[in-house]
Number of protein chains: 2
Amino acid sequence: MSALPGTCPSGDEKVVLFGLLLETNARMARDLSAELEATCALPLAWFEVLLQLRQAPDGRLKMSQIADAIVHSTGGTTRLIDRLEEASLVERQLCPTDRRAIHVAITAEGNRRLDDALAVHLNYLDQHLAGRLGASERRSLTSLLTKLNVPADR
Amino acid sequence: MSALPGTCPSGDEKVVLFGLLLETNARMARDLSAELEATCALPLAWFEVLLQLRQAPDGRLKMSQIADAIVHSTGGTTRLIDRLEEASLVERQLCPTDRRAIHVAITAEGNRRLDDALAVHLNYLDQHLAGRLGASERRSLTSLLTKLNVPADR
DNA sequence: GACAAGTAATTGCATATGCAACTATACTAG
DNA sequence: CTAGTATAGTTGCATATGCAATTACTTGTC
């Protein structure tokens with residue numbers, strides 16, 4: 001009413017939903033990030049990388065795969081991996097079949113730090129995810145987000 | 001096996017769901033951001049602020065309300081509003097009842113730019129939201145995210 | 001095999017952001 | 001009314017990130 005509802009669909013259902021997605025994500029990421037930082041001294045971005053590496057079939061990924069998985073630019077990923085390597089949590093390895101590519105592998109130290117962080121993370125999720133959504137709701141949410149999470153543009 | 005699955009629940013259903021939330025959000029935000037930037041020269045963060053202001057009862061919010069709504073630190077919000085004000089899209093106004101507080105109001109120019117951006121935004125959402133989720137799925141998602149989007153910590 | 005086009009990662013630069021310290025104002029208790 | 005505490009916003013500083021240009025390598029074509 002206050003802003004010409006006809007011309008300005010700021011209250012549109014889809015707009016509200018998208019805003020809710022942004023806000024919910026930001027809130028949870030910020031809270032979890034603070035908790036990881038406080039208890040494990042591990043930035044959320046580092047945690048994401050280590051998690052991706054562990055989930056990878058052979059515990060290693062190429063730079064570009066990491067960039068895609070965590071939705072960073074390749075430049076940003078280079079610097080992020082620089083820091084992780086500096087902290088001895090991952091290791092750059094040559095790719096035997098493509099000399100342009102770099103394999104990033106998690107180290108023993110990285111695995112240890114990830115275990116610590118996972119404990120904190122799981123505790124957080126028990127409280128803030130499982131505490132608010134039941135198992136079937138979580139399955140629904142997973143299904144809905146999967147439909148939205150389309151890699152490329154269209 | 002490569003990482004002691006028993007001790008390392010990296011494939012835990014909740015962990016996967018949370019990762020999916022992060023990834024979906026990042027992907028959509030990045031795509032929409034690029035589109036807004038390209039077509040309207042309006043950063044996503046600016047769009048978020050303008051949208052919040054329009055949705056506010058009287059078209060203005062205090063700094064701290066904005067910070068909370070868009071999940072930024074207060075320091076970050078100060079700078080963000082600095083830039084928006086510099087671009088004449090918002091205006092700082094004194095609060096008559098509390099001299100510590102600042103009212104941020106959207107300007108006519110801000111409203112115009114927001115209208116442009118909303119058109120782009122709605123088009124994006126038609127493709128990427130409504131194109132992938134039906135109306136009842138969107139209602140479900142809204143409901144689920146609402147349960148997760150709890151303002152404070154506990 | 002040589003050249004063109006494509007791909008992987010890195011770098012320089014600009015910018016956006018958070019944290020902690022600080023200032024100014026408001027509230028509360030005595 | 002004064003002192004102490006809480007709150008709103010801003011600032012200095014450090015850091016993380018994206019974009020565009022660059023380098024190095026690969027692939028496809030003739």
# chains A, B, ... in the order shown; residues from 1 in each chain; ligands from 1

$ residues_around --residues "region 17-32 of chain A" --least-positions-apart "3" --cutoff "10 Å" --atoms "only C-alpha atoms (C1' of nucleotides)" --output "VMD selection string"
(chain A and resid 11 to 14 35 to 38 43 to 44 120 to 121 124 to 125 128 to 129) or (chain B and resid 18 21 to 26 28 to 29 48 51 to 52 68 to 72 121 125 129 138 to 139 141 to 143 145 to 153)

$ write_last_selection --atoms "C-alpha atoms" --output "compact mmCIF listing (two decimals), in the first residue's frame"
# COMPACT_ATOMS: atom_id res chain seq x y z
CA GLY A 11 5.82 -8.45 -1.51
CA ASP A 12 5.66 -11.05 -4.26
CA GLU A 13 5.63 -14.57 -2.91
CA LYS A 14 8.71 -15.60 -4.88
CA GLU A 35 31.20 -21.38 16.53
CA LEU A 36 33.80 -23.12 14.38
CA GLU A 37 36.08 -20.15 14.67
CA ALA A 38 35.74 -20.01 18.44
CA PRO A 43 37.08 -20.63 9.22
CA LEU A 44 33.92 -21.95 7.63
CA VAL A 120 31.20 -29.08 16.48
CA HIS A 121 29.32 -28.96 13.23
CA TYR A 124 25.32 -27.33 15.77
CA LEU A 125 23.15 -29.20 13.30
CA HIS A 128 19.61 -25.86 14.78
CA LEU A 129 18.55 -28.30 12.10
CA PHE B 18 23.47 -28.11 5.26
CA LEU B 21 21.79 -25.17 1.62
CA LEU B 22 25.10 -23.34 1.46
CA GLU B 23 25.73 -24.38 -2.11
CA THR B 24 22.26 -23.63 -3.44
CA ASN B 25 22.23 -20.25 -1.82
CA ALA B 26 25.69 -19.37 -3.06
CA MET B 28 21.64 -18.55 -6.83
CA ALA B 29 23.04 -15.47 -5.13
CA GLU B 48 18.63 -6.21 -0.55
CA LEU B 51 13.99 -4.07 -0.86
CA GLN B 52 14.01 -4.08 2.93
CA ASP B 68 19.76 -7.53 11.22
CA ALA B 69 17.55 -7.93 8.17
CA ILE B 70 20.40 -8.49 5.75
CA VAL B 71 22.59 -10.27 8.32
CA HIS B 72 25.54 -7.93 8.22
CA HIS B 121 14.80 -10.15 -10.16
CA LEU B 125 12.89 -16.01 -10.12
CA LEU B 129 12.50 -20.65 -8.85
CA ARG B 138 7.40 -23.12 -2.94
CA ARG B 139 4.97 -22.93 -0.05
CA LEU B 141 10.07 -24.44 1.11
CA THR B 142 8.90 -21.20 2.63
CA SER B 143 7.52 -23.06 5.58
CA LEU B 145 12.99 -22.15 5.83
CA THR B 146 10.82 -20.14 8.19
CA LYS B 147 11.33 -22.79 10.82
CA LEU B 148 15.08 -22.60 10.35
CA ASN B 149 15.32 -18.84 10.23
CA VAL B 150 15.37 -18.17 13.94
CA PRO B 151 16.76 -14.70 14.64
CA ALA B 152 19.00 -15.24 17.65
CA ASP B 153 21.26 -18.06 18.73

$ residues_around --residues "Glu109 (chain B)" --least-positions-apart "3" --cutoff "7 Å" --atoms "only C-alpha atoms (C1' of nucleotides)" --output "ChimeraX atom specification"
/B:88-89,112-113

$ select_by_dssp --residues "chain B" --states "helix (DSSP H, G or I)" --output "PyMOL selection string"
chain B and resi 13-40+44-55+63-70+74-86+108-130+135-148

$ closest_atom_pairs --of "chain C" --to "chain B" --cutoff "8 Å" --atoms "only C-alpha atoms (C1' of nucleotides)" --output "Markdown table"
| residue | atom | partner | partner_atom | distance |
| --- | --- | --- | --- | --- |
| C:DT17 | C1' | B:Gly76 | CA | 5.8 |
| C:DG18 | C1' | B:Ser73 | CA | 6.6 |
| C:DA24 | C1' | B:Arg100 | CA | 6.8 |
| C:DT25 | C1' | B:Arg100 | CA | 5.3 |
| C:DA26 | C1' | B:Asp98 | CA | 7.6 |

$ select_by_dssp --residues "region 9-133 of chain B" --states "strand (DSSP E)" --output "PDB file with N, CA, C and O atoms, in the first residue's frame"
ATOM      1  N   ARG B  60      11.271   3.305   5.827  1.00  0.00           N
ATOM      2  CA  ARG B  60      12.560   3.631   6.448  1.00  0.00           C
ATOM      3  C   ARG B  60      12.854   2.663   7.594  1.00  0.00           C
ATOM      4  O   ARG B  60      11.936   2.118   8.201  1.00  0.00           O
ATOM      5  N   LEU B  61      14.129   2.485   7.829  1.00  0.00           N
ATOM      6  CA  LEU B  61      14.566   1.571   8.895  1.00  0.00           C
ATOM      7  C   LEU B  61      15.765   2.183   9.601  1.00  0.00           C
ATOM      8  O   LEU B  61      16.490   2.995   9.030  1.00  0.00           O
ATOM      9  N   LYS B  62      15.997   1.734  10.822  1.00  0.00           N
ATOM     10  CA  LYS B  62      17.199   2.147  11.524  1.00  0.00           C
ATOM     11  C   LYS B  62      18.368   1.279  11.058  1.00  0.00           C
ATOM     12  O   LYS B  62      18.175   0.153  10.589  1.00  0.00           O
ATOM     13  N   VAL B  90      19.575   6.192  -0.998  1.00  0.00           N
ATOM     14  CA  VAL B  90      18.970   6.281   0.327  1.00  0.00           C
ATOM     15  C   VAL B  90      19.426   7.581   0.982  1.00  0.00           C
ATOM     16  O   VAL B  90      20.335   8.254   0.487  1.00  0.00           O
ATOM     17  N   GLU B  91      18.831   7.882   2.096  1.00  0.00           N
ATOM     18  CA  GLU B  91      19.105   9.135   2.792  1.00  0.00           C
ATOM     19  C   GLU B  91      19.150   8.847   4.285  1.00  0.00           C
ATOM     20  O   GLU B  91      18.287   8.136   4.806  1.00  0.00           O
ATOM     21  N   ARG B  92      20.137   9.389   4.961  1.00  0.00           N
ATOM     22  CA  ARG B  92      20.169   9.275   6.419  1.00  0.00           C
ATOM     23  C   ARG B  92      19.335  10.413   7.008  1.00  0.00           C
ATOM     24  O   ARG B  92      19.471  11.566   6.588  1.00  0.00           O
ATOM     25  N   GLN B  93      18.507  10.072   7.975  1.00  0.00           N
ATOM     26  CA  GLN B  93      17.694  11.092   8.629  1.00  0.00           C
ATOM     27  C   GLN B  93      17.840  10.959  10.130  1.00  0.00           C
ATOM     28  O   GLN B  93      18.004   9.858  10.655  1.00  0.00           O
ATOM     29  N   LEU B  94      17.754  12.085  10.801  1.00  0.00           N
ATOM     30  CA  LEU B  94      17.834  12.044  12.250  1.00  0.00           C
ATOM     31  C   LEU B  94      16.574  11.398  12.809  1.00  0.00           C
ATOM     32  O   LEU B  94      15.480  11.572  12.282  1.00  0.00           O
ATOM     33  N   ILE B 102      19.797   6.397  13.646  1.00  0.00           N
ATOM     34  CA  ILE B 102      19.716   6.988  12.317  1.00  0.00           C
ATOM     35  C   ILE B 102      18.590   6.291  11.569  1.00  0.00           C
ATOM     36  O   ILE B 102      18.492   5.065  11.584  1.00  0.00           O
ATOM     37  N   HIS B 103      17.740   7.094  10.947  1.00  0.00           N
ATOM     38  CA  HIS B 103      16.738   6.514  10.056  1.00  0.00           C
ATOM     39  C   HIS B 103      17.302   6.520   8.649  1.00  0.00           C
ATOM     40  O   HIS B 103      17.813   7.540   8.184  1.00  0.00           O
ATOM     41  N   VAL B 104      17.196   5.398   7.985  1.00  0.00           N
ATOM     42  CA  VAL B 104      17.611   5.331   6.587  1.00  0.00           C
ATOM     43  C   VAL B 104      16.352   5.221   5.745  1.00  0.00           C
ATOM     44  O   VAL B 104      15.549   4.311   5.944  1.00  0.00           O
ATOM     45  N   ALA B 105      16.188   6.170   4.828  1.00  0.00           N
ATOM     46  CA  ALA B 105      14.982   6.205   3.999  1.00  0.00           C
ATOM     47  C   ALA B 105      15.366   6.061   2.534  1.00  0.00           C
ATOM     48  O   ALA B 105      16.407   6.551   2.096  1.00  0.00           O
ATOM     49  N   ILE B 106      14.522   5.380   1.790  1.00  0.00           N
ATOM     50  CA  ILE B 106      14.767   5.217   0.356  1.00  0.00           C
ATOM     51  C   ILE B 106      14.375   6.508  -0.354  1.00  0.00           C
ATOM     52  O   ILE B 106      13.406   7.176   0.027  1.00  0.00           O
TER      53      ILE B 106
END

$ closest_residue --among "B:Asp126, B:Asp116, B:Glu137, B:Asp82" --to "chain D" --atoms "only C-alpha atoms (C1' of nucleotides)"
B:Asp82

$ closest_residue --among "D:DG28, D:DG18, D:DG4, D:DG12" --to "DA4 (chain C)" --atoms "only C-alpha atoms (C1' of nucleotides)"
D:DG28

$ interface_residues --of "chain D" --to "chain A" --cutoff "8 Å" --atoms "only C-alpha atoms (C1' of nucleotides)" --output "CSV table (one decimal) with N, CA and C atoms (P, O5', C5', C4', C3', O3' and C1' of nucleotides), in the first residue's frame"
chain,number,residue,atom,x,y,z
D,17,DT,P,36.9,-16.2,1.5
D,17,DT,O5',36.6,-15.5,0.1
D,17,DT,C5',35.5,-14.6,0.0
D,17,DT,C4',35.6,-13.7,-1.2
D,17,DT,C3',35.9,-14.4,-2.5
D,17,DT,O3',34.7,-14.7,-3.2
D,17,DT,C1',36.9,-12.2,-2.3
D,18,DG,P,34.6,-15.4,-4.6
D,18,DG,O5',34.6,-14.1,-5.6
D,18,DG,C5',33.6,-13.1,-5.4
D,18,DG,C4',33.8,-12.0,-6.5
D,18,DG,C3',34.0,-12.6,-7.9
D,18,DG,O3',33.2,-11.7,-8.8
D,18,DG,C1',35.9,-11.4,-7.3
D,24,DA,P,55.2,-19.1,-18.2
D,24,DA,O5',54.4,-20.5,-18.3
D,24,DA,C5',53.9,-21.1,-17.1
D,24,DA,C4',53.0,-22.3,-17.4
D,24,DA,C3',53.6,-23.2,-18.5
D,24,DA,O3',53.7,-24.5,-18.0
D,24,DA,C1',51.4,-22.6,-19.0
D,25,DC,P,54.4,-25.6,-18.7
D,25,DC,O5',53.3,-26.5,-19.4
D,25,DC,C5',52.3,-27.1,-18.5
D,25,DC,C4',51.0,-27.3,-19.3
D,25,DC,C3',51.1,-28.3,-20.4
D,25,DC,O3',50.5,-29.5,-19.9
D,25,DC,C1',49.7,-26.5,-20.9
D,26,DT,P,50.5,-30.8,-20.8
D,26,DT,O5',49.1,-30.7,-21.6
D,26,DT,C5',47.9,-30.6,-20.9
D,26,DT,C4',46.7,-30.4,-21.9
D,26,DT,C3',46.6,-31.5,-23.0
D,26,DT,O3',45.3,-32.1,-22.9
D,26,DT,C1',46.4,-29.3,-23.9

$ atom_distance --atom1 "C1' of DT27 (chain D)" --atom2 "CA of Cys95 (chain A)"
17.2 Å

$ atom_distance --atom1 "CA of Ala130 (chain B)" --atom2 "CA of Leu53 (chain B)"
25.0 Å

$ closest_residue --among "B:Gly134, B:Asp115, B:Leu50, B:Pro96" --to "chain A" --atoms "only C-alpha atoms"
B:Asp115

$ closest_residue --among "A:Asn123, A:Gln55, A:Ser33, A:Ser64" --to "chain B" --atoms "only C-alpha atoms"
A:Gln55

$ atom_distance --atom1 "CA of Gly131 (chain B)" --atom2 "CA of Val15 (chain A)"
14.1 Å
